[in-house]
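For reference, the structure discussed in these notes is given below.
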Amino acid sequence: MSVLEIKNISKSFGTLDVIKDISFSVEKGQVVSVIGPSGSGKSTLLRCATMLEKVDSGYIAYGDNIMVSNDAAGRAKYSDKATLNKIKLSTGLIFQNFNLFPHLSVLRNITEAPVCVLKKDKNEARQTALELLDKMGLSDKADSYPCQLSGGQQQRVSIARALALDPEILFFDEPTSALDPELTGEILKVIRTLAEDNMTMVIVTHEMAFARDVSDHVIFMDGGYIVEQGEPNEIINNPSSERMRTFLKRIIEK
Amino acid sequence: MDYSELLKVTGILLQYLLPTLKIFGYTLAFSIPLGMVVAMLKMCRFKPVSWITNIYILIMRGTPLMLQIITIYYAIPMIQTGGSDFFGGLFSGFDTRSDTYQFTALLIAFVLNYAAYFAEIFRGGIEAIAKGQHEAAFTLGFTKTQTFFRIILPQVVKRVLPASSNEVITLVKDTSLANVIAYAEIFRKAKEQMVFYSSLAPLFIAGVFYFVMNAVLTVVFNFIEKKLDYYQ
Ligand SMILES: Nc1ncnc2c1ncn2[C@@H]1O[C@H](COP(=O)(O)OP(=O)(O)O)[C@@H](O)[C@H]1O
Ligand SMILES: [Mg+2]
């Protein structure tokens with residue numbers, strides 16, 4: 001069974017159709033990259049998958065848990081609160097600008113949700129957090145505050161924060177876009193390590209080389225549609241659509 | 001005035017420090033929580049509630065506190081006797097001849113007035129917290145209540161502290177307005193002593209009292225601001 005299954009979802013803001021009839025699924029351990037020009041609806045897609053936005057119609061399910069499906073009139077009907085909560089805890093979202101909690105130490109940023117939401121034992125949560133920080137190469141930063149860290153370090157903390165809930169799937173929305181070019185490498189390396197550990201991930205990115213090397217599947221979006229999707233080498237080296245070719249050309253020229 | 005007279009006046013004023021502090025303390029204790037509620041009401045998505053709250057805030061901030069004190073002080077007995085059954089009943093709980101009525105009326109005016117100011121400060125502080133904080137909390141599974149108390153409120157406190165400390169310092173000085181309904185506090189006593197001795201010295205002493213109170217508050221607020229300096 002797929003970790004995530006999305007079928008025919010649509011989403012509009014007022015009269016602006018942002019997501020149009022999108023379908024794809026993500027298998028366990030798979031890394032899916034979502035690429036496409038700015039404004040094509042990539043962020044909105046991730047926000048719909050993590051319930052930050054509600055779809056107008058379509059079907060989204062995580063394993064056995066159905067988040068939303070169409071009612072008889074073809075309009076989105078969301079499941080009960082308990083199911084949605086279960087889904088929320090099985091998914092993690094990494095934001096472009098980290099969104100760490102500035103008033104909490106690095107450690108508390110990571111332990112707050114396990115302790116308050118999952119009601120985990122404080123010491124246990126602390127232990128997990130320290131292990132995660134170690135994995136992120138930030139063992140010495142547990143007592144620092146977010147403002148004392150570089151952007152790359154903050155992003156790694158936010159990844160640790162999401163991992164602390166032990167999610168089934170992680171979504172990344174341009175995780176390196178807010179970083180100086182010399183810091184993007186450290187984040188990409190962390191994501192690579194997660195991929196090696198078989199973490200299921202959906203990553204919106206502009207790093208083509210990274211998308212090609214790390215992902216199992218690439219989705220190209222434009223104008224709210226999935227224009228092309230498939231095996232990364234095939235898609236990136238050998239795009240079949242004109243729009244994808246134009247997009248890749250523009251990226252390479254940059 | 002000679003030295004012993006000055007000392008005597010200081011002693012008298014010191015006795016009336018307590019009523020002044022009473023207005024100050026009670027007003028803060030009620031107007032801060034009420035301000036929080038009013039801020040929430042103003043941010044209410046059901047527009048009529050937001051509008052009515054805004055009218056209340058506009059009136060409280062747009063008219064003098066002195067006028068509000070006098071109005072409330074005289075309005076309650078007038079409504080009780082002359083008002084409709086409904087309004088008369090609404091205010092029947094107040095015994096306007098009791099010793100505490102004066103203070104009660106004062107407190108209502110001060111609290112209603114200061115809650116409006118605090119509400120605007122709190123609302124600004126809450127709205128200034130980036131949307132991303134709510135979103136991060138949401139994706140981590142925090143409930144709305146947990147998000148508010150654990151994530152948003154601590155950051156709001158830091159943001160609203162400078163503006164709130166201004167309000168608190170203004171309140172110390174505003175307590176002197178209680179004298180318009182003859183409530184016996186420092187300022188009223190100082191005026192009496194001024195007339196009695198035909199000297200400005202009592203007013204000067206009262207001034208020193210207010211000044212010292214605010215100096216202490218300033219030190220306290222600076223201390224708290226320093227304490228919260230560990231982030232951003
Ligand atoms: N909350 C919103 N309200 C109105 N329009 C929005 C909102 N969020 C996104 N949009 C619009 O939806 C389109 C897709 O945005 P987005 O999903 O952020 O694209 P991408 O992440 O691919 O750059 C854009 O035209 C954007 O202006
Ligand atoms: Mg985006």
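To be explicit about the labels: the chains of the structure tokens are called A, B, and onward in the order shown, and within each one the residues are counted from 1, while ligands get numbers from 1 in the order they are shown.
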- Task: Would you mind listing what lies within 10 Å of Val172 of chain B as a list in words, with only C-alpha atoms counted and same-chain residues fewer than 4 positions away left out?
- Result: Thr20, Leu21, Ile23, Phe24, Gly25, Glu167, Val168, Ser176, Tyr210, Phe211, Met213, Asn214 and Leu217 of chain B
- Please identify all polymer residues within 8 Å of Asn179 of chain B, counting only C-alpha atoms, omitting same-chain residues fewer than 6 positions from it, and present them as a PyMOL selection string. chain B and resi 185+187-188
- Just the residues within 8 Å of Gly29 of chain A, please, counting only C-alpha atoms, with nothing from its chain fewer than 3 positions along; format it as a list in words. Ala195, Asn198, Met199, Thr200 and Met201 of chain A
- Message: With 10 Å as the limit and counting only C-alpha atoms, what residues in chain A lie close to chain B? Please list them as number ranges by chain.
- Response: A: 47, 50-52, 84-95, 97-105, 112-114, 116-118, 144-148, 158, 161-162, 164-165
- Output the neighbourhood of ligand 2 as a PyMOL selection string, that is, all protein and nucleic acid residues with some atom at most 8 Å from the ligand, counting only C-alpha atoms and all ligand atoms. chain A and resi 38-39+41-44+173-174+204
- Task: Would you kindly return, as a list in words, each protein, DNA or RNA residue with an atom no farther than 12 Å from any atom of Asn123 of chain A, considering only C-alpha atoms and excluding same-chain residues fewer than 4 positions away?
- Result: Leu107, Arg108, Thr111, Glu112, Pro114, Val115, Lys119, Gln127, Thr128, Ala129 and Leu130 of chain A
- Task: Check the DSSP output for the backbone and give back, as a ChimeraX atom specification, the residues of chain B in helix (DSSP H, G or I).
- Result: /B:3-15,17-42,47-62,65-82,85-90,101-128,131-139,144-181,186-197,201-230
Quick one: residues within 9 Å of Gly151 of chain A, only C-alpha atoms counted, chain neighbours fewer than 3 positions away excluded, as a compact mmCIF listing (two decimals) with N, CA and C atoms, in the first residue's frame?
```txt
# COMPACT_ATOMS: atom_id res chain seq x y z
N ASN A 97 11.53 28.74 5.20
CA ASN A 97 12.19 29.63 6.17
C ASN A 97 12.13 29.06 7.59
N PHE A 98 12.22 27.77 7.70
CA PHE A 98 12.42 27.02 8.95
C PHE A 98 11.26 27.09 9.94
N GLN A 154 19.77 26.19 11.37
CA GLN A 154 18.35 26.29 11.72
C GLN A 154 17.53 25.29 10.93
N GLN A 155 17.86 25.16 9.65
CA GLN A 155 17.10 24.22 8.83
C GLN A 155 17.32 22.78 9.32
N ARG A 156 18.54 22.48 9.75
CA ARG A 156 18.78 21.14 10.27
C ARG A 156 18.01 20.90 11.56
N ALA A 178 16.12 29.55 1.11
CA ALA A 178 16.38 30.73 1.94
C ALA A 178 17.84 30.79 2.40
N LEU A 179 18.64 29.86 1.91
CA LEU A 179 20.02 29.76 2.41
C LEU A 179 21.03 30.34 1.43
N ASP A 180 22.14 30.79 1.97
CA ASP A 180 23.26 31.19 1.11
C ASP A 180 23.72 29.95 0.36
N LEU A 183 25.62 27.20 1.95
CA LEU A 183 24.99 26.42 3.02
C LEU A 183 24.02 25.36 2.51
```
